[in-house]
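S.K.: Supplied structure: structure.cif, mmCIF, C-alpha atoms and all ligand atoms.
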```
data_model
loop_
_atom_site.label_atom_id
_atom_site.label_comp_id
_atom_site.auth_asym_id
_atom_site.auth_seq_id
_atom_site.Cartn_x
_atom_site.Cartn_y
_atom_site.Cartn_z
CA MET R 45 -73.95 -36.26 -70.66
CA SER R 46 -74.59 -39.48 -68.78
CA GLY R 47 -74.42 -39.78 -65.01
CA SER R 48 -75.94 -36.37 -64.42
CA HIS R 49 -78.81 -35.57 -62.10
CA LEU R 50 -81.70 -33.23 -62.83
CA GLN R 51 -83.69 -31.72 -59.99
CA ILE R 52 -87.16 -30.62 -61.07
CA VAL R 53 -89.44 -28.32 -59.11
CA VAL R 54 -93.09 -28.14 -60.17
CA CYS R 55 -95.51 -25.39 -59.15
CA GLY R 56 -99.31 -25.22 -59.10
CA ALA R 57 -100.25 -24.86 -62.77
CA GLY R 58 -101.77 -27.22 -65.34
CA PRO R 59 -98.56 -28.36 -67.07
CA ALA R 60 -97.32 -29.85 -63.78
CA PHE R 61 -99.37 -32.94 -64.70
CA ASP R 62 -97.11 -33.46 -67.72
CA VAL R 63 -93.78 -33.24 -65.86
CA THR R 64 -93.30 -36.93 -66.72
CA HIS R 65 -92.33 -35.69 -70.21
CA LEU R 66 -89.32 -33.89 -68.72
CA VAL R 67 -88.39 -36.90 -66.57
CA ARG R 68 -88.54 -39.24 -69.57
CA THR R 69 -86.59 -36.86 -71.79
CA ALA R 70 -83.84 -36.62 -69.17
CA GLN R 71 -83.74 -40.38 -68.68
CA GLU R 72 -83.47 -40.95 -72.42
CA GLN R 73 -80.24 -38.94 -72.22
CA SER R 74 -79.01 -41.07 -69.29
CA TRP R 75 -79.77 -38.45 -66.65
CA THR R 76 -81.46 -39.31 -63.38
CA ALA R 77 -84.26 -37.05 -62.20
CA ALA R 78 -86.20 -36.29 -59.04
CA VAL R 79 -89.24 -34.10 -58.55
CA THR R 80 -90.01 -31.66 -55.76
CA ALA R 81 -93.46 -30.06 -55.69
CA THR R 82 -94.80 -26.95 -54.03
CA PRO R 83 -97.70 -27.78 -51.70
CA ASN R 84 -100.10 -26.30 -54.28
CA ALA R 85 -98.57 -28.37 -57.08
CA MET R 86 -99.50 -31.61 -55.30
CA ASP R 87 -103.09 -31.13 -56.56
CA PHE R 88 -101.86 -31.03 -60.16
CA ILE R 89 -99.61 -34.11 -60.32
CA GLU R 90 -99.82 -37.88 -60.00
CA SER R 91 -97.13 -38.49 -57.40
CA GLN R 92 -97.17 -42.26 -57.70
CA THR R 93 -96.59 -42.16 -61.44
CA ILE R 94 -93.66 -39.79 -60.97
CA GLU R 95 -92.20 -41.88 -58.16
CA GLY R 96 -92.46 -45.04 -60.25
CA LEU R 97 -90.64 -43.30 -63.07
CA THR R 98 -87.88 -41.57 -61.09
CA GLY R 99 -87.42 -44.06 -58.27
CA HIS R 100 -87.55 -41.12 -55.85
CA PRO R 101 -90.41 -39.93 -53.66
CA VAL R 102 -91.93 -36.60 -54.67
CA ARG R 103 -90.78 -34.19 -51.96
CA SER R 104 -93.16 -31.44 -50.92
CA THR R 105 -92.55 -31.08 -47.22
CA TYR R 106 -89.57 -31.18 -44.92
CA GLN R 107 -90.70 -34.62 -43.83
CA SER R 108 -88.71 -37.27 -45.68
CA SER R 109 -89.76 -40.88 -46.18
CA PRO R 110 -87.77 -43.56 -44.34
CA GLY R 111 -84.47 -44.15 -46.09
CA THR R 112 -84.59 -40.82 -47.92
CA ARG R 113 -81.68 -38.49 -47.36
CA ARG R 114 -82.57 -35.14 -45.83
CA SER R 115 -79.79 -33.17 -47.53
CA LEU R 116 -80.01 -32.16 -51.17
CA PRO R 117 -78.45 -34.66 -53.59
CA SER R 118 -75.67 -33.58 -55.89
CA THR R 119 -77.47 -31.79 -58.70
CA ASP R 120 -76.15 -30.93 -62.15
CA ALA R 121 -79.10 -28.76 -63.13
CA LEU R 122 -82.32 -27.42 -61.66
CA VAL R 123 -85.45 -26.89 -63.73
CA ILE R 124 -88.42 -25.08 -62.22
CA ALA R 125 -91.33 -25.89 -64.50
CA PRO R 126 -94.07 -25.01 -64.74
CA ALA R 127 -93.15 -21.95 -62.70
CA THR R 128 -96.13 -19.93 -61.49
CA TYR R 129 -96.47 -16.18 -61.14
CA ASN R 130 -96.51 -16.74 -57.38
CA SER R 131 -93.36 -18.85 -57.15
CA ILE R 132 -91.36 -16.78 -59.64
CA ASN R 133 -92.00 -13.67 -57.58
CA LYS R 134 -91.06 -15.54 -54.40
CA ILE R 135 -87.84 -17.00 -55.85
CA ALA R 136 -86.71 -13.56 -57.01
CA LEU R 137 -87.27 -12.16 -53.54
CA GLY R 138 -85.51 -15.09 -51.90
CA LEU R 139 -88.59 -16.24 -50.02
CA ALA R 140 -88.36 -19.76 -48.61
CA ASP R 141 -91.78 -20.49 -47.15
CA ASN R 142 -92.07 -24.14 -48.19
CA TYR R 143 -89.70 -27.03 -48.88
CA ALA R 144 -89.62 -26.43 -52.64
CA MET R 145 -88.83 -22.73 -52.28
CA THR R 146 -86.18 -23.45 -49.66
CA SER R 147 -84.41 -25.97 -51.88
CA VAL R 148 -84.60 -23.61 -54.86
CA ALA R 149 -83.12 -20.78 -52.78
CA GLU R 150 -80.26 -23.00 -51.71
CA LEU R 151 -79.53 -24.55 -55.11
CA ILE R 152 -79.39 -21.14 -56.79
CA GLY R 153 -77.11 -19.98 -53.98
CA ARG R 154 -74.87 -22.96 -54.66
CA GLN R 155 -74.73 -21.78 -58.27
CA VAL R 156 -76.36 -24.91 -59.62
CA PRO R 157 -77.31 -24.16 -63.26
CA THR R 158 -80.96 -23.16 -63.04
CA LEU R 159 -83.71 -22.82 -65.63
CA ILE R 160 -87.15 -21.36 -64.95
CA VAL R 161 -89.96 -22.04 -67.43
CA PRO R 162 -92.90 -19.77 -66.53
CA PHE R 163 -96.51 -20.66 -67.21
CA VAL R 164 -98.30 -17.36 -66.76
CA ASN R 165 -100.96 -15.51 -68.66
CA ALA R 166 -100.30 -12.14 -70.27
CA ALA R 167 -102.19 -10.21 -67.60
CA LEU R 168 -100.00 -11.59 -64.82
CA ALA R 169 -96.86 -11.28 -66.92
CA ALA R 170 -97.58 -7.58 -67.47
CA ARG R 171 -97.46 -6.84 -63.74
CA ALA R 172 -94.46 -4.83 -62.55
CA PRO R 173 -93.58 -7.33 -59.77
CA PHE R 174 -93.34 -10.15 -62.31
CA ARG R 175 -91.27 -8.13 -64.80
CA HIS R 176 -88.92 -7.07 -62.00
CA ALA R 177 -88.68 -10.66 -60.76
CA VAL R 178 -87.67 -11.99 -64.19
CA ALA R 179 -85.08 -9.23 -64.62
CA SER R 180 -83.70 -9.80 -61.14
CA LEU R 181 -83.39 -13.56 -61.63
CA ARG R 182 -81.64 -13.10 -64.97
CA ASP R 183 -79.31 -10.61 -63.34
CA GLU R 184 -78.46 -13.30 -60.78
CA GLY R 185 -77.55 -15.76 -63.54
CA VAL R 186 -80.78 -17.75 -63.61
CA ARG R 187 -81.99 -18.64 -67.10
CA VAL R 188 -85.64 -17.70 -67.57
CA LEU R 189 -87.16 -19.17 -70.72
CA LEU R 190 -89.50 -16.36 -71.74
CA GLY R 191 -89.90 -13.98 -74.64
CA PRO R 192 -89.72 -13.97 -78.43
CA ASP R 193 -86.12 -15.21 -78.59
CA ASP R 194 -87.13 -18.26 -76.57
CA LYS R 195 -90.33 -18.73 -78.58
CA TRP R 196 -92.20 -19.02 -75.28
CA GLU R 197 -94.60 -16.22 -74.51
CA PRO R 198 -97.30 -15.62 -71.89
CA HIS R 199 -100.69 -16.82 -73.14
CA PRO R 200 -103.93 -14.83 -73.28
CA PRO R 201 -105.94 -15.13 -70.04
CA GLY R 202 -108.31 -18.08 -70.22
CA SER R 203 -106.26 -20.03 -72.77
CA GLY R 204 -104.08 -21.98 -70.34
CA ASN R 205 -105.61 -25.38 -71.12
CA GLU R 206 -104.82 -24.97 -74.79
CA ARG R 207 -101.28 -23.65 -74.17
CA GLN R 208 -100.52 -26.49 -71.79
CA LYS R 209 -100.12 -28.84 -74.76
CA ALA R 210 -97.30 -26.66 -76.11
CA PHE R 211 -95.31 -26.54 -72.89
CA PRO R 212 -91.64 -26.75 -73.97
CA TRP R 213 -90.48 -29.78 -71.97
CA THR R 214 -87.89 -30.90 -74.52
CA VAL R 215 -86.43 -27.40 -74.88
CA ALA R 216 -86.35 -27.20 -71.09
CA PHE R 217 -84.20 -30.30 -70.83
CA GLU R 218 -81.92 -29.30 -73.69
CA THR R 219 -81.43 -25.83 -72.19
CA ALA R 220 -80.71 -27.21 -68.72
CA ALA R 221 -78.24 -29.75 -70.12
CA GLN R 222 -76.51 -26.94 -72.01
CA LEU R 223 -76.32 -24.82 -68.86
CA ALA R 224 -74.84 -27.79 -66.97
CA HIS R 225 -72.30 -28.34 -69.73
CA GLU R 226 -71.29 -24.66 -69.77
CA SER R 227 -70.88 -24.55 -66.00
CA ARG R 228 -68.48 -27.47 -65.92
CA PRO R 229 -64.81 -26.50 -65.59
CA ALA R 230 -62.93 -27.21 -68.83
CA ALA R 231 -60.31 -29.25 -66.97
CA SER R 232 -62.84 -31.47 -65.17
CA GLY R 233 -62.46 -34.28 -67.69
CA HIS R 234 -66.15 -34.35 -68.61
CA ALA R 235 -66.90 -34.65 -72.31
C1 LIG R 301 -106.80 -24.90 -61.85
C2 LIG R 301 -105.76 -23.85 -61.55
C3 LIG R 301 -104.89 -23.48 -62.55
C4 LIG R 301 -103.92 -22.52 -62.30
N1 LIG R 301 -103.07 -22.16 -63.29
C5 LIG R 301 -102.09 -21.29 -63.03
C6 LIG R 301 -101.16 -20.93 -64.04
O1 LIG R 301 -101.22 -21.43 -65.16
N2 LIG R 301 -100.17 -20.05 -63.75
C7 LIG R 301 -100.07 -19.48 -62.51
O2 LIG R 301 -99.14 -18.69 -62.32
N3 LIG R 301 -100.95 -19.79 -61.54
C8 LIG R 301 -101.93 -20.66 -61.76
N4 LIG R 301 -102.83 -20.98 -60.79
C9 LIG R 301 -102.75 -20.29 -59.51
C10 LIG R 301 -101.68 -20.93 -58.64
O3 LIG R 301 -101.98 -22.30 -58.41
C11 LIG R 301 -101.64 -20.15 -57.30
O4 LIG R 301 -101.11 -18.87 -57.54
C12 LIG R 301 -100.85 -20.85 -56.26
O5 LIG R 301 -100.76 -20.02 -55.12
C13 LIG R 301 -99.44 -21.16 -56.77
O6 LIG R 301 -98.72 -21.82 -55.75
P1 LIG R 301 -97.19 -22.25 -55.97
O7 LIG R 301 -96.52 -21.15 -56.70
O8 LIG R 301 -96.68 -22.39 -54.55
O9 LIG R 301 -97.20 -23.56 -56.66
C14 LIG R 301 -103.82 -21.92 -61.02
C15 LIG R 301 -104.71 -22.33 -60.01
C16 LIG R 301 -105.67 -23.29 -60.28
C17 LIG R 301 -106.59 -23.70 -59.17
#
```
As structure tokens, what does this structure read like?
M.R.:
Amino acid sequence: MSGSHLQIVVCGAGPAFDVTHLVRTAQEQSWTAAVTATPNAMDFIESQTIEGLTGHPVRSTYQSSPGTRRSLPSTDALVIAPATYNSINKIALGLADNYAMTSVAELIGRQVPTLIVPFVNAALAARAPFRHAVASLRDEGVRVLLGPDDKWEPHPPGSGNERQKAFPWTVAFETAAQLAHESRPAASGHA
């Protein structure tokens, strides 16, 4: 659907570098996109490239650039990708200890359609806190792309570089767009 806005949150894992794939995929479908990064994710991305592509500064702190609105823009869908073990556990607990986590907490609370695409190895994914976090987020209505049905599984420890190439950016956009479509009231007039 054209005229929609995608908010993307990247965390500190290798695939963050490739978030431009998600931005481009959204733009090809006439969506606008903006990227927020956790402080740790800033080491994994090329902010200037993203800013040139989206036309928006990459937000990582509460400090906004001149002319940038402080409040969250109207958002049709939120994609958190790549989502780390650390941030997934924090989001499930409602922790808001940086700008990215605070905006995620608020957008989920506003019932913005939300998709989380984890990038975790199998050892971390086996931990009880992570399994509980995924279950809790799903229970709250957050879509977590993970498991055999989603064809996206945790990778063996040490194989992250290889798995990064398979990160499902296109599926992430399609899933988020579908969530946005499903959340729209039938009488809203949107196609
Ligand atoms: C080179 C490198 C690669 C990393 N890859 C991952 C990863 O694939 N998945 C993950 O959950 N954490 C990964 N980490 C660890 C996270 O960066 C770390 O847990 C950090 O605290 C996450 O912060 P954030 O969740 O606020 O972005 C990696 C760290 C480094 C230095």
S.K.: Residues up to 8 Å from ligand LIG 301 (chain R), counting all atoms listed in the file: could you list those as an NGL selection string?
M.R.: :R and (54-59 or 81-85 or 126-132 or 162-165 or 168 or 204)
S.K.: Rounded to one decimal place, report the CA of Gln222 in chain R-CA of Ala144 in chain R distance in Å.
M.R.: 23.4 Å
S.K.: Mind listing as a list in words all residues within 10 Å of (-86.6, -24.4, -72.2), counting only C-alpha atoms?
M.R.: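 Every polymer residue passing the test: Val123, Ala125, Leu159, Ile160, Val161, Pro162, Arg187, Val188, Leu189, Leu190, Asp194, Lys195, Trp196, Phe211, Pro212, Trp213, Thr214, Val215, Ala216, Phe217, Glu218, Thr219 and Ala220 of chain R.
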S.K.: Since we have the selection now, will you write its residues out, keeping C-alpha atoms, as a JSON list (two decimals), keeping the file's coordinate frame?
M.R.:
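See again-v9.json below for the written result:
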```json
[["chain", "number", "residue", "atom", "x", "y", "z"],
["R", 123, "VAL", "CA", -85.45, -26.89, -63.73],
["R", 125, "ALA", "CA", -91.33, -25.89, -64.50],
["R", 159, "LEU", "CA", -83.71, -22.82, -65.63],
["R", 160, "ILE", "CA", -87.15, -21.36, -64.95],
["R", 161, "VAL", "CA", -89.96, -22.04, -67.43],
["R", 162, "PRO", "CA", -92.90, -19.77, -66.53],
["R", 187, "ARG", "CA", -81.99, -18.64, -67.10],
["R", 188, "VAL", "CA", -85.64, -17.70, -67.57],
["R", 189, "LEU", "CA", -87.16, -19.17, -70.72],
["R", 190, "LEU", "CA", -89.50, -16.36, -71.74],
["R", 194, "ASP", "CA", -87.13, -18.26, -76.57],
["R", 195, "LYS", "CA", -90.33, -18.73, -78.58],
["R", 196, "TRP", "CA", -92.20, -19.02, -75.28],
["R", 211, "PHE", "CA", -95.31, -26.54, -72.89],
["R", 212, "PRO", "CA", -91.64, -26.75, -73.97],
["R", 213, "TRP", "CA", -90.48, -29.78, -71.97],
["R", 214, "THR", "CA", -87.89, -30.90, -74.52],
["R", 215, "VAL", "CA", -86.43, -27.40, -74.88],
["R", 216, "ALA", "CA", -86.35, -27.20, -71.09],
["R", 217, "PHE", "CA", -84.20, -30.30, -70.83],
["R", 218, "GLU", "CA", -81.92, -29.30, -73.69],
["R", 219, "THR", "CA", -81.43, -25.83, -72.19],
["R", 220, "ALA", "CA", -80.71, -27.21, -68.72]]
```
S.K.: Compare R:Ala121, R:Leu181, R:Gly191, R:Thr105 by their minimum atom-to-atom distance to Ala166 in chain R, counting all atoms listed in the file, and give me the closest one.
M.R.: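 Among the listed residues, the smallest separation from Ala166 in chain R belongs to R:Gly191.
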S.K.: Would you work out the distance separating CA of Ser118 in chain R from CA of Asp62 in chain R, expressed in Å to one decimal?
M.R.: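 For CA of Ser118 in chain R relative to CA of Asp62 in chain R, the distance reads 24.5 Å.
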S.K.: Tell me, in Å to one decimal, how far CA of Ser104 in chain R is from CA of Gln92 in chain R.
M.R.: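 Going from CA of Ser104 in chain R over to CA of Gln92 in chain R covers 13.4 Å.
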S.K.: Hey, can you pull every residue with an atom no more than 8 Å from (-72.2, -23.0, -64.0), using only C-alpha atoms, and send it as number ranges by chain?
M.R.: R: 155-157, 223-228
S.K.: Next, write the just-selected residues to a file, as a PDB file, in the frame of the given file, keeping C-alpha atoms as the atom set.
M.R.:
```pdb
ATOM      1  CA  GLN R 155     -74.730 -21.780 -58.270  1.00  0.00           C
ATOM      2  CA  VAL R 156     -76.360 -24.910 -59.620  1.00  0.00           C
ATOM      3  CA  PRO R 157     -77.310 -24.160 -63.260  1.00  0.00           C
ATOM      4  CA  LEU R 223     -76.320 -24.820 -68.860  1.00  0.00           C
ATOM      5  CA  ALA R 224     -74.840 -27.790 -66.970  1.00  0.00           C
ATOM      6  CA  HIS R 225     -72.300 -28.340 -69.730  1.00  0.00           C
ATOM      7  CA  GLU R 226     -71.290 -24.660 -69.770  1.00  0.00           C
ATOM      8  CA  SER R 227     -70.880 -24.550 -66.000  1.00  0.00           C
ATOM      9  CA  ARG R 228     -68.480 -27.470 -65.920  1.00  0.00           C
TER      10      ARG R 228
END
```
S.K.: Choose the residue, out of R:Gln51, R:Asn133, R:Ser203, R:Gln208, that has the smallest atom-to-atom separation from Thr80 in chain R; count only C-alpha atoms.
M.R.: R:Gln51
S.K.: Which polymer residues have any atom within 12 Å of an atom of His176 in chain R, counting only C-alpha atoms, with same-chain residues fewer than 2 positions away left out, as a list in words?
M.R.: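 Listed by chain and then number, they are Tyr129, Ile132, Asn133, Lys134, Ile135, Ala136, Leu137, Ala169, Ala170, Arg171, Ala172, Pro173, Phe174, Val178, Ala179, Ser180, Leu181, Arg182 and Asp183 of chain R.
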S.K.: Check the smallest atom-to-atom distance from each of R:Thr119, R:Ala221, R:Leu139, R:Gly185 to Ala70 in chain R using all atoms listed in the file, then report the winner.
M.R.: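 Smallest separation from Ala70 in chain R among the options: R:Ala221.
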S.K.: Leaving out Val67 in chain R and any residue of its chain fewer than 4 positions from it, which residues lie within 12 Å of it when counting all atoms listed in the file, given as a PyMOL selection string?
M.R.: chain R and resi 49-54+60-63+71-79+93-100+123+125+213-214+216-217
S.K.: Given only C-alpha atoms as the basis, pick out the residue of R:Leu122, R:Ala140, R:Ala177, R:Met145 nearest to Thr158 in chain R.
M.R.: R:Leu122
S.K.: In terms of the shortest atom-to-atom distance over all atoms listed in the file, which of R:Asp120, R:Ser108, R:Pro192, R:Ser91 is closest to Tyr143 in chain R?
M.R.: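 For Tyr143 in chain R, the nearest of the candidates is R:Ser108.
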